[in-house]
Structure formats: C-alpha cells, structure tokens
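Undergrad: This is entry_26.cif, which holds mmCIF, C-alpha atoms:
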```cif
data_upload
#
loop_
_atom_site.group_PDB
_atom_site.id
_atom_site.type_symbol
_atom_site.label_atom_id
_atom_site.label_comp_id
_atom_site.auth_asym_id
_atom_site.auth_seq_id
_atom_site.Cartn_x
_atom_site.Cartn_y
_atom_site.Cartn_z
ATOM 1 C CA MET A 290 83.555 106.025 134.385
ATOM 2 C CA ALA A 291 80.339 107.329 132.855
ATOM 3 C CA GLU A 292 79.641 106.728 129.190
ATOM 4 C CA HIS A 293 79.995 110.413 128.343
ATOM 5 C CA ASP A 294 83.309 110.622 130.149
ATOM 6 C CA GLU A 295 84.517 107.510 128.366
ATOM 7 C CA ASP A 296 83.605 109.003 124.992
ATOM 8 C CA THR A 297 85.450 112.182 125.869
ATOM 9 C CA TRP A 298 88.437 110.204 127.053
ATOM 10 C CA THR A 299 88.669 108.063 123.925
ATOM 11 C CA GLN A 300 88.099 111.125 121.745
ATOM 12 C CA ARG A 301 91.044 112.847 123.397
ATOM 13 C CA ILE A 302 93.248 109.826 122.880
ATOM 14 C CA ARG A 303 92.200 109.639 119.238
ATOM 15 C CA GLN A 304 93.150 113.275 118.753
ATOM 16 C CA GLN A 305 96.560 112.693 120.285
ATOM 17 C CA LEU A 306 97.164 109.715 118.053
ATOM 18 C CA ASP A 307 96.039 111.674 114.993
ATOM 19 C CA THR A 308 98.425 114.455 115.918
ATOM 20 C CA SER A 309 101.326 112.041 116.313
ATOM 21 C CA ALA A 310 100.603 110.575 112.861
ATOM 22 C CA ARG A 311 100.171 114.002 111.271
ATOM 23 C CA ASP A 312 103.428 115.401 112.683
ATOM 24 C CA LEU A 313 105.774 112.731 111.372
ATOM 25 C CA ASP A 314 109.100 114.146 110.197
ATOM 26 C CA ALA A 315 109.918 114.651 106.521
ATOM 27 C CA ALA A 316 112.443 111.811 106.354
ATOM 28 C CA THR A 317 109.889 109.329 107.659
ATOM 29 C CA LEU A 318 107.231 110.595 105.250
ATOM 30 C CA SER A 319 109.690 110.211 102.393
ATOM 31 C CA ARG A 320 110.394 106.601 103.410
ATOM 32 C CA LEU A 321 106.665 105.911 103.554
ATOM 33 C CA ASN A 322 106.183 107.434 100.115
ATOM 34 C CA GLN A 323 108.978 105.284 98.682
ATOM 35 C CA ALA A 324 107.506 102.179 100.308
ATOM 36 C CA ARG A 325 104.086 102.935 98.817
ATOM 37 C CA GLN A 326 105.471 103.539 95.333
ATOM 38 C CA ALA A 327 107.529 100.344 95.522
ATOM 39 C CA ALA A 328 104.474 98.356 96.544
ATOM 40 C CA LEU A 329 102.346 99.777 93.734
ATOM 41 C CA GLN A 330 105.035 99.195 91.107
ATOM 42 C CA ALA A 331 105.680 95.669 92.306
ATOM 43 C CA ALA A 332 102.067 94.748 91.704
ATOM 44 C CA PRO A 333 101.826 92.360 88.752
ATOM 45 C CA LYS A 334 100.493 93.838 85.553
ATOM 46 C CA PRO A 335 96.853 92.999 84.818
ATOM 47 C CA GLN A 336 96.578 89.744 82.914
ATOM 48 C CA PRO A 337 94.780 89.675 79.526
ATOM 49 C CA ARG A 338 91.223 88.470 79.860
ATOM 50 C CA ARG A 339 90.491 84.807 79.256
ATOM 51 C CA TRP A 340 88.238 85.518 76.287
ATOM 52 C CA LEU A 341 91.128 87.330 74.650
ATOM 53 C CA TRP A 342 93.285 84.218 74.959
ATOM 54 C CA GLN A 343 90.471 82.086 73.571
ATOM 55 C CA ALA A 344 89.912 84.411 70.613
ATOM 56 C CA THR A 345 93.645 84.476 69.861
ATOM 57 C CA PHE A 346 93.855 80.681 69.981
ATOM 58 C CA ALA A 347 90.788 80.286 67.767
ATOM 59 C CA SER A 348 92.199 82.692 65.171
ATOM 60 C CA ALA A 349 95.566 80.926 65.105
ATOM 61 C CA PHE A 350 93.895 77.519 64.783
ATOM 62 C CA SER A 351 91.674 78.737 61.928
ATOM 63 C CA LEU A 352 94.673 80.151 60.103
ATOM 64 C CA ALA A 353 96.629 76.895 60.474
ATOM 65 C CA MET A 354 93.686 74.856 59.202
ATOM 66 C CA ALA A 355 93.239 77.158 56.204
ATOM 67 C CA ILE A 356 96.908 76.819 55.286
ATOM 68 C CA ALA A 357 96.726 73.013 55.573
ATOM 69 C CA ILE A 358 93.496 72.542 53.614
ATOM 70 C CA TRP A 359 93.858 75.189 50.866
ATOM 71 C CA PRO A 360 96.099 73.159 48.497
ATOM 72 C CA ARG A 361 93.558 70.311 48.485
ATOM 73 C CA LEU A 362 90.715 72.577 47.472
ATOM 74 C CA VAL A 363 92.469 74.395 44.641
ATOM 75 C CA PRO A 364 93.547 72.125 41.681
ATOM 76 C CA GLU A 365 97.084 72.375 40.530
ATOM 77 C CA GLN A 366 97.487 74.756 37.630
ATOM 78 C CA LEU A 367 97.898 72.938 34.327
ATOM 79 C CA PRO A 368 100.213 74.169 31.607
ATOM 80 C CA ALA A 369 98.357 76.312 29.115
ATOM 81 C CA PRO A 370 97.564 74.596 25.804
ATOM 82 C CA PRO A 371 99.536 75.763 22.792
ATOM 83 C CA THR A 372 97.564 78.561 21.311
ATOM 84 C CA GLY A 373 96.369 78.353 17.728
ATOM 85 C CA THR A 374 96.758 74.559 17.325
ATOM 86 C CA LEU A 375 93.767 73.250 19.223
ATOM 87 C CA PRO A 376 91.239 73.293 16.269
ATOM 88 C CA GLU A 377 93.663 71.584 13.880
ATOM 89 C CA ASP A 378 94.633 69.003 16.465
ATOM 90 C CA PHE A 379 91.007 68.325 17.234
ATOM 91 C CA THR A 380 90.177 67.916 13.503
ATOM 92 C CA MET A 381 93.081 65.639 12.990
ATOM 93 C CA LEU A 382 92.287 63.502 15.983
ATOM 94 C CA ALA A 383 88.623 63.274 15.067
ATOM 95 C CA GLY A 384 89.181 62.203 11.445
ATOM 96 C CA SER A 385 89.174 58.455 10.801
ATOM 97 C CA GLU A 386 91.805 58.646 8.078
ATOM 98 C CA ASN A 387 94.172 60.306 10.464
ATOM 99 C CA LEU A 388 93.693 57.500 12.944
ATOM 100 C CA GLU A 389 94.804 55.096 10.193
ATOM 101 C CA LEU A 390 97.844 57.251 9.620
ATOM 102 C CA TYR A 391 98.819 56.978 13.271
ATOM 103 C CA GLU A 392 98.323 53.221 13.132
ATOM 104 C CA GLU A 393 100.838 52.983 10.263
ATOM 105 C CA LEU A 394 103.217 55.536 11.665
ATOM 106 C CA ASP A 395 106.114 53.088 11.686
ATOM 107 C CA PHE A 396 105.649 52.433 8.007
ATOM 108 C CA TYR A 397 105.704 56.122 7.152
ATOM 109 C CA ALA A 398 108.778 56.685 9.291
ATOM 110 C CA TRP A 399 110.578 53.893 7.344
ATOM 111 C CA LEU A 400 109.422 55.333 4.050
ATOM 112 C CA ASP A 401 110.715 58.742 4.967
ATOM 113 C CA ALA A 402 114.122 57.301 5.818
ATOM 114 C CA GLN A 403 114.563 55.665 2.350
ATOM 115 C CA PRO A 404 116.798 57.502 -0.129
ATOM 116 C CA ALA A 405 115.010 59.005 -2.994
ATOM 117 C CA SER A 406 115.239 56.872 -6.144
ATOM 118 C CA GLY A 407 114.548 57.264 -9.742
ATOM 119 C CA MET B 1177 80.797 98.641 108.319
ATOM 120 C CA THR B 1178 81.967 101.803 110.009
ATOM 121 C CA HIS B 1179 85.405 102.702 108.761
ATOM 122 C CA THR B 1180 85.109 106.331 109.764
ATOM 123 C CA LEU B 1181 88.806 107.028 109.954
ATOM 124 C CA ALA B 1182 90.032 104.391 107.569
ATOM 125 C CA MET B 1183 87.950 105.667 104.676
ATOM 126 C CA HIS B 1184 89.439 109.179 104.516
ATOM 127 C CA TRP B 1185 91.325 108.121 101.390
ATOM 128 C CA MET B 1186 88.120 108.116 99.382
ATOM 129 C CA ASP B 1187 88.079 111.906 99.186
ATOM 130 C CA SER B 1188 91.770 112.643 98.897
ATOM 131 C CA ASP B 1189 93.157 114.672 96.009
ATOM 132 C CA ARG B 1190 95.122 112.733 93.470
ATOM 133 C CA PRO B 1191 97.348 113.793 90.578
ATOM 134 C CA ALA B 1192 96.040 113.313 87.039
ATOM 135 C CA ASN B 1193 96.844 109.915 85.599
ATOM 136 C CA PRO B 1194 97.367 109.614 81.825
ATOM 137 C CA ARG B 1195 95.763 106.154 81.926
ATOM 138 C CA ALA B 1196 92.806 107.467 83.889
ATOM 139 C CA GLY B 1197 89.575 105.808 82.958
ATOM 140 C CA THR B 1198 90.814 102.253 82.484
ATOM 141 C CA PRO B 1199 89.928 99.747 85.238
ATOM 142 C CA ALA B 1200 93.615 99.107 85.927
ATOM 143 C CA ALA B 1201 94.303 102.815 86.321
ATOM 144 C CA ARG B 1202 91.288 103.274 88.581
ATOM 145 C CA ASN B 1203 92.444 100.362 90.740
ATOM 146 C CA HIS B 1204 95.980 101.772 90.880
ATOM 147 C CA ASP B 1205 94.710 105.214 91.886
ATOM 148 C CA ALA B 1206 92.365 103.790 94.499
ATOM 149 C CA LEU B 1207 95.154 101.669 95.989
ATOM 150 C CA ASP B 1208 97.499 104.641 96.021
ATOM 151 C CA ALA B 1209 94.925 106.792 97.786
ATOM 152 C CA PHE B 1210 94.097 104.062 100.282
ATOM 153 C CA LEU B 1211 97.745 103.421 101.173
ATOM 154 C CA ARG B 1212 98.427 107.161 101.328
ATOM 155 C CA GLY B 1213 95.578 107.528 103.797
ATOM 156 C CA ILE B 1214 96.518 104.651 106.068
ATOM 157 C CA GLU B 1215 100.329 104.596 105.969
ATOM 158 C CA ARG B 1216 100.980 107.078 108.776
ATOM 159 C CA ARG B 1217 98.656 105.362 111.215
ATOM 160 C CA ALA B 1218 100.068 101.999 110.169
ATOM 161 C CA LEU B 1219 103.559 103.251 110.945
ATOM 162 C CA ARG B 1220 102.521 104.460 114.383
ATOM 163 C CA ILE B 1221 100.753 101.172 115.120
ATOM 164 C CA ALA B 1222 103.864 99.258 114.047
ATOM 165 C CA GLU B 1223 106.016 101.580 116.107
ATOM 166 C CA PHE B 1224 103.934 100.927 119.205
ATOM 167 C CA GLY B 1225 104.349 97.227 118.523
ATOM 168 C CA VAL B 1226 108.085 96.977 117.911
ATOM 169 C CA GLY B 1227 109.346 99.973 119.885
ATOM 170 C CA ASN B 1228 111.432 101.667 117.213
ATOM 171 C CA ARG B 1229 110.820 103.512 113.960
ATOM 172 C CA GLU B 1230 113.341 101.718 111.764
ATOM 173 C CA ASP B 1231 111.837 98.282 112.278
ATOM 174 C CA ALA B 1232 108.355 99.809 112.035
ATOM 175 C CA LEU B 1233 109.161 101.299 108.608
ATOM 176 C CA ASP B 1234 110.450 97.941 107.373
ATOM 177 C CA ILE B 1235 107.305 96.226 108.606
ATOM 178 C CA VAL B 1236 104.991 98.771 106.974
ATOM 179 C CA GLN B 1237 106.861 98.488 103.664
ATOM 180 C CA ASP B 1238 106.619 94.710 103.778
ATOM 181 C CA CYS B 1239 102.955 95.002 104.702
ATOM 182 C CA MET B 1240 102.195 97.300 101.750
ATOM 183 C CA LEU B 1241 103.894 94.933 99.324
ATOM 184 C CA ALA B 1242 102.001 91.905 100.608
ATOM 185 C CA PHE B 1243 98.717 93.783 100.707
ATOM 186 C CA VAL B 1244 98.958 95.050 97.122
ATOM 187 C CA ARG B 1245 100.112 91.669 95.845
ATOM 188 C CA ASN B 1246 97.348 89.680 97.525
ATOM 189 C CA TYR B 1247 94.343 91.933 98.007
ATOM 190 C CA ARG B 1248 94.417 94.650 95.359
ATOM 191 C CA ASP B 1249 91.458 93.059 93.524
ATOM 192 C CA LYS B 1250 89.270 92.762 96.629
ATOM 193 C CA PRO B 1251 86.440 95.274 97.118
ATOM 194 C CA ALA B 1252 87.744 98.572 98.473
ATOM 195 C CA THR B 1253 85.445 98.342 101.480
ATOM 196 C CA ASP B 1254 87.364 95.216 102.567
ATOM 197 C CA TRP B 1255 90.770 96.853 102.315
ATOM 198 C CA PRO B 1256 91.025 98.308 105.861
ATOM 199 C CA PRO B 1257 90.550 95.004 107.743
ATOM 200 C CA LEU B 1258 92.663 93.124 105.176
ATOM 201 C CA PHE B 1259 95.476 95.659 105.455
ATOM 202 C CA HIS B 1260 95.440 95.360 109.223
ATOM 203 C CA ARG B 1261 95.349 91.574 108.941
ATOM 204 C CA VAL B 1262 98.623 91.734 107.013
ATOM 205 C CA LEU B 1263 100.108 94.278 109.409
ATOM 206 C CA ASP B 1264 99.075 92.237 112.441
ATOM 207 C CA SER B 1265 100.640 89.083 111.040
ATOM 208 C CA ARG B 1266 103.870 90.960 110.259
ATOM 209 C CA LEU B 1267 104.007 92.279 113.820
ATOM 210 C CA LEU B 1268 103.390 88.780 115.147
ATOM 211 C CA ASP B 1269 106.242 87.451 112.991
ATOM 212 C CA PHE B 1270 108.506 90.173 114.309
ATOM 213 C CA HIS B 1271 107.751 89.276 117.924
ATOM 214 C CA ARG B 1272 108.248 85.567 117.273
ATOM 215 C CA ARG B 1273 111.634 86.164 115.649
ATOM 216 C CA HIS B 1274 112.561 88.516 118.467
ATOM 217 C CA GLN B 1275 111.636 85.905 121.069
ATOM 218 C CA VAL B 1276 113.655 83.200 119.334
ATOM 219 C CA ARG B 1277 116.628 85.518 118.998
ATOM 220 C CA SER B 1278 116.401 86.523 122.662
ATOM 221 C CA ARG B 1279 116.158 82.879 123.718
ATOM 222 C CA TRP B 1280 119.291 81.935 121.788
ATOM 223 C CA LEU B 1281 121.192 85.021 122.897
ATOM 224 C CA GLY B 1282 120.292 84.255 126.490
ATOM 225 C CA TRP B 1283 121.476 80.690 126.083
ATOM 226 C CA ILE B 1284 124.777 81.824 124.534
ATOM 227 C CA GLU B 1285 125.294 84.428 127.244
ATOM 228 C CA ARG B 1286 124.763 81.799 129.939
ATOM 229 C CA ILE B 1287 127.431 79.626 128.291
ATOM 230 C CA VAL B 1288 130.111 82.216 127.465
ATOM 231 C CA GLY B 1289 129.238 84.771 130.147
ATOM 232 C CA ARG B 1290 128.415 88.397 129.641
ATOM 233 C CA ASP B 1291 131.168 90.886 129.014
ATOM 234 C CA ASP B 1292 129.293 93.781 130.551
ATOM 235 C CA ASP B 1293 128.462 92.216 133.931
ATOM 236 C CA ASN B 1294 130.646 94.767 135.648
ATOM 237 C CA ASP B 1295 129.980 97.578 133.223
ATOM 238 C CA PRO B 1296 128.601 100.577 135.199
ATOM 239 C CA LEU B 1297 127.036 102.012 132.032
ATOM 240 C CA ALA B 1298 124.742 99.007 131.812
ATOM 241 C CA ASN B 1299 122.876 100.233 134.866
ATOM 242 C CA VAL B 1300 122.316 103.776 133.599
ATOM 243 C CA ALA B 1301 118.746 104.445 132.531
ATOM 244 C CA ASP B 1302 118.081 105.090 128.850
ATOM 245 C CA PRO B 1303 117.448 108.832 128.568
ATOM 246 C CA ARG B 1304 115.115 108.272 125.597
ATOM 247 C CA VAL B 1305 112.648 106.414 127.834
ATOM 248 C CA PRO B 1306 111.052 108.973 130.100
ATOM 249 C CA LEU B 1307 110.398 108.059 133.695
ATOM 250 C CA PRO B 1308 106.841 108.313 135.081
ATOM 251 C CA CYS B 1309 107.744 111.348 137.144
ATOM 252 C CA GLN B 1310 108.955 113.116 134.002
ATOM 253 C CA HIS B 1311 105.539 112.623 132.444
ATOM 254 C CA VAL B 1312 103.956 114.566 135.249
ATOM 255 C CA ALA B 1313 106.663 117.162 135.330
ATOM 256 C CA ASP B 1314 106.637 118.164 131.663
ATOM 257 C CA GLY B 1315 102.986 117.490 131.033
ATOM 258 C CA GLU B 1316 103.753 115.592 127.827
ATOM 259 C CA THR B 1317 100.571 113.601 127.646
ATOM 260 C CA ALA B 1318 101.402 112.433 124.154
ATOM 261 C CA MET B 1319 104.577 110.850 125.407
ATOM 262 C CA ALA B 1320 102.671 109.336 128.299
ATOM 263 C CA LEU B 1321 100.213 107.819 125.838
ATOM 264 C CA ASP B 1322 103.088 106.384 123.801
ATOM 265 C CA VAL B 1323 104.617 104.774 126.839
ATOM 266 C CA ALA B 1324 101.286 103.476 128.084
ATOM 267 C CA LEU B 1325 100.434 101.948 124.720
ATOM 268 C CA ARG B 1326 103.833 100.313 124.392
ATOM 269 C CA ALA B 1327 103.428 98.834 127.854
ATOM 270 C CA LEU B 1328 100.213 97.040 126.864
ATOM 271 C CA PRO B 1329 100.296 93.381 125.823
ATOM 272 C CA ASN B 1330 100.322 93.086 122.020
ATOM 273 C CA ARG B 1331 96.787 91.795 121.603
ATOM 274 C CA GLN B 1332 95.296 94.399 123.932
ATOM 275 C CA ARG B 1333 97.146 97.172 122.134
ATOM 276 C CA GLN B 1334 96.023 95.934 118.714
ATOM 277 C CA ALA B 1335 92.398 95.668 119.826
ATOM 278 C CA PHE B 1336 92.505 99.178 121.263
ATOM 279 C CA LEU B 1337 94.163 100.793 118.235
ATOM 280 C CA LEU B 1338 91.993 99.063 115.660
ATOM 281 C CA ARG B 1339 88.732 99.726 117.487
ATOM 282 C CA ILE B 1340 89.353 103.185 118.917
ATOM 283 C CA TRP B 1341 91.772 104.728 116.431
ATOM 284 C CA GLU B 1342 91.113 102.965 113.135
ATOM 285 C CA GLY B 1343 87.390 102.834 113.783
ATOM 286 C CA LEU B 1344 86.982 99.197 112.731
ATOM 287 C CA ASP B 1345 83.917 97.492 114.126
ATOM 288 C CA VAL B 1346 84.193 94.392 116.315
ATOM 289 C CA ALA B 1347 83.758 91.974 113.401
ATOM 290 C CA ASP B 1348 86.454 93.614 111.258
ATOM 291 C CA THR B 1349 88.801 93.906 114.218
ATOM 292 C CA ALA B 1350 88.338 90.192 114.882
ATOM 293 C CA ARG B 1351 89.043 89.522 111.214
ATOM 294 C CA ALA B 1352 92.174 91.665 111.297
ATOM 295 C CA MET B 1353 93.431 90.024 114.483
ATOM 296 C CA ALA B 1354 92.378 86.506 113.421
ATOM 297 C CA CYS B 1355 90.492 85.911 116.649
ATOM 298 C CA SER B 1356 86.897 85.761 117.866
ATOM 299 C CA GLU B 1357 84.748 88.815 118.453
ATOM 300 C CA GLY B 1358 84.570 87.857 122.129
ATOM 301 C CA SER B 1359 88.351 87.976 122.346
ATOM 302 C CA VAL B 1360 88.343 91.441 120.791
ATOM 303 C CA LYS B 1361 85.901 92.693 123.426
ATOM 304 C CA THR B 1362 87.958 91.151 126.228
ATOM 305 C CA HIS B 1363 91.246 92.584 124.909
ATOM 306 C CA LEU B 1364 89.675 96.000 124.423
ATOM 307 C CA SER B 1365 88.158 96.073 127.888
ATOM 308 C CA ARG B 1366 91.462 95.156 129.520
ATOM 309 C CA ALA B 1367 93.330 97.673 127.401
ATOM 310 C CA MET B 1368 90.928 100.464 128.372
ATOM 311 C CA THR B 1369 91.252 99.607 132.049
ATOM 312 C CA ALA B 1370 95.057 99.538 131.911
ATOM 313 C CA LEU B 1371 95.289 102.764 129.900
ATOM 314 C CA ARG B 1372 92.871 104.597 132.182
ATOM 315 C CA ALA B 1373 94.923 103.610 135.198
ATOM 316 C CA ARG B 1374 98.158 104.750 133.555
ATOM 317 C CA LEU B 1375 96.851 107.956 132.016
ATOM 318 C CA GLU B 1376 94.456 109.055 134.713
ATOM 319 C CA GLN B 1377 96.610 111.938 135.823
ATOM 320 C CA HIS B 1378 96.989 113.197 132.244
ATOM 321 C CA HIS B 1379 93.481 112.850 130.939
ATOM 322 C CA GLY B 1380 91.568 113.242 134.122
#
```
Here is the file; what I need is its structure written in the form of structure tokens.

TA:
Amino acid sequence: MAEHDEDTWTQRIRQQLDTSARDLDAATLSRLNQARQAALQAAPKPQPRRWLWQATFASAFSLAMAIAIWPRLVPEQLPAPPTGTLPEDFTMLAGSENLELYEELDFYAWLDAQPASG
Amino acid sequence: MTHTLAMHWMDSDRPANPRAGTPAARNHDALDAFLRGIERRALRIAEFGVGNREDALDIVQDCMLAFVRNYRDKPATDWPPLFHRVLDSRLLDFHRRHQVRSRWLGWIERIVGRDDDNDPLANVADPRVPLPCQHVADGETAMALDVALRALPNRQRQAFLLRIWEGLDVADTARAMACSEGSVKTHLSRAMTALRARLEQHHG
C-alpha cells in the first residue's frame, strides 16, 4: 500500500473511531461524568506547605519558651510599704539613742507591766 | 511530543470556579478538562479490550481514580501517556483475572461435567456478534472495525489505538505500554497488516 493510501486509510479509521466515541449514549456519558467527578473528589486535599509547618512550630516553641522564662525575668511584686511612716521609721532607725532603746526593750516591757505606785 | 488528539482538552470550555486563580483550583480544572477530553476514547479502548461496556466503564472509573491519585501533580504534558499507562495496566489485570477464572472454571467443569452439553441453545450463534457476511451485506464499516479491533491480540490493539487514534508518538506509546519502542513498532506493523486484511472490502 502506498504511503498516501495508508494515510487515507488510517485517517478514515480515525474518523470512524472518533464518531463511535462522539455518539455514545446518554446513560454511558452520565456514568463517565460520575466516574470523573468521583475521581476528582477523591483526590487528597493539597497539603500545607512545609514552610508553613515550620513557621507554626517556631511560633509555638517561642511562645512556650516565653511562658517558661518570663517569671524568672520579672521580680516578684513586693508588698507596698505603709504609706506615711517611712520618714519616721528611717529617723528612728538612724538615731543612736533609739538603737539603745531597742537594746533595752525587755527592760521597758517589764517596766510597763509594773503597777503604778505612789 | 505530538499529542494532537489527546490535547483537545486544553481548549475546552469550563464552568466558572469560585476558587479560580489558586494553584489547587487551576490543577483541579485542568484535570477535569483533561479527563473530560479523554474519557470517551478511554472507554472505547477499554471496550475493545474487554468486549463489553459494563466492565469497560468499571475499568475507566478505576483508571481515573488511580490517575488522579498518583499523577495529578505531574506536568500536564505527561498526562496522556501516564493515563494510558494506568489504563493499560488495568486492562492487563482484567485479562489476567479472566484467564485465572477461566482456568479454574474449566477445571471445575472437567470434574463435575457441564450441564449444557446437550443444550441445543448452546450452539446457537450470538445475534449481537455479526457474522462476516453481515458486514458486507449491511455495509456497517464501523461495526466491522469494532470486530476487527476486538479480534487483534491485546498488545497489537493497544499499539494501534495509542499510535493511530490517540496520536501518541512511539516513545510515549512505549511508556504507556511498558515495553520497548521496537516492540511498539512491531505490534503496530502487525496490527496494521491484520486490520488491512480484515477491512479491505470496507475501506478499499
């Protein structure tokens, strides 16, 4: 068979095959459509990118470290000093006579407990 | 690559997609268009291979699922040979299972004997399979082509359909059939010779 004849022959066969595929009945086309939709829906959802996982992990790690370290960096809050007494207390503590008073505190406590006489 | 017929899906009309623009949506739309463009020919190829539409539909559905699952992220230009690779392997599986089933059924029949040995209906020709003389009489060349293609050995038929109908080149056909390019040429040559001899009176 000459080359031209062969081309014509294969072209004719191709046309017949195209026609047979084009003229499929409605029920068959519906089944094909359902099969295609099922295949597309069964495809796994796209996975998050790796860098997204890495960024998420880094953020979570940073947050955990901040929570663990924060109490060590911030000193515990001390109770507020009694207002209005600090200058007097300081004067008292700084005076030498007052230091002597504190040294003889037991004596003054005994004296205070004695009943008043005469 | 020359996917003249297989690449029709590139230009097909598609409905608007609300997620249009995202890579996932583009991939989904491209896959949908590709499968829409190839599914009818795939069904006919499967039908030539297994001899009935019901099994062919099951095979094409299975093929679509496997293709989307495994190759959806491959470049679109590789989709035609990859799709036919999946389809070819599914057809091969079908024939293997069919052979095993036939072997066991034959063995069981030899042991228990056939019930329809004396059944006169068993010798009546199937009216759905046209005789050669009917081809000539009604001039149904399409039917003659169907019968001639089904009569070909599987590998010859696959080589012919992928090269001549799907328009795959020799390399992609070899890839789809998992064989060498030399084997593709041999199968195709034998298929052409057999088809010419069978269809000579229809195609001249």

Undergrad: Could you list the residues in chain B lying within 6 Å of chain A, using all atoms listed in the file, and format the result as a list in words?

TA: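 That gives Arg1216, Arg1217, Gln1237, Met1240, Leu1241, Arg1245 and Trp1341 of chain B for chain B.
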
Undergrad: Go ahead and compute the interatomic distance for CA of Met1353 in chain B and CA of Asp1254 in chain B, in Å to one decimal.

TA: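 Result for CA of Met1353 in chain B versus CA of Asp1254 in chain B: 14.3 Å, one decimal.
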
Undergrad: Find the distance between CA of Val1262 in chain B and CA of His1204 in chain B and write it in Å to one decimal.

TA: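 We find that CA of Val1262 in chain B and CA of His1204 in chain B lie 19.2 Å from each other.
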
Undergrad: Counting all atoms listed in the file, which residue out of B:Leu1281, B:Ala1201, B:Ala1232, B:Ala1354 sits closest to Arg1220 in chain B?

TA: B:Ala1232

Undergrad: Do you have the CA of Phe1243 in chain B-CA of Thr1362 in chain B distance handy?

TA: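 Those two atoms sit 27.8 Å apart.
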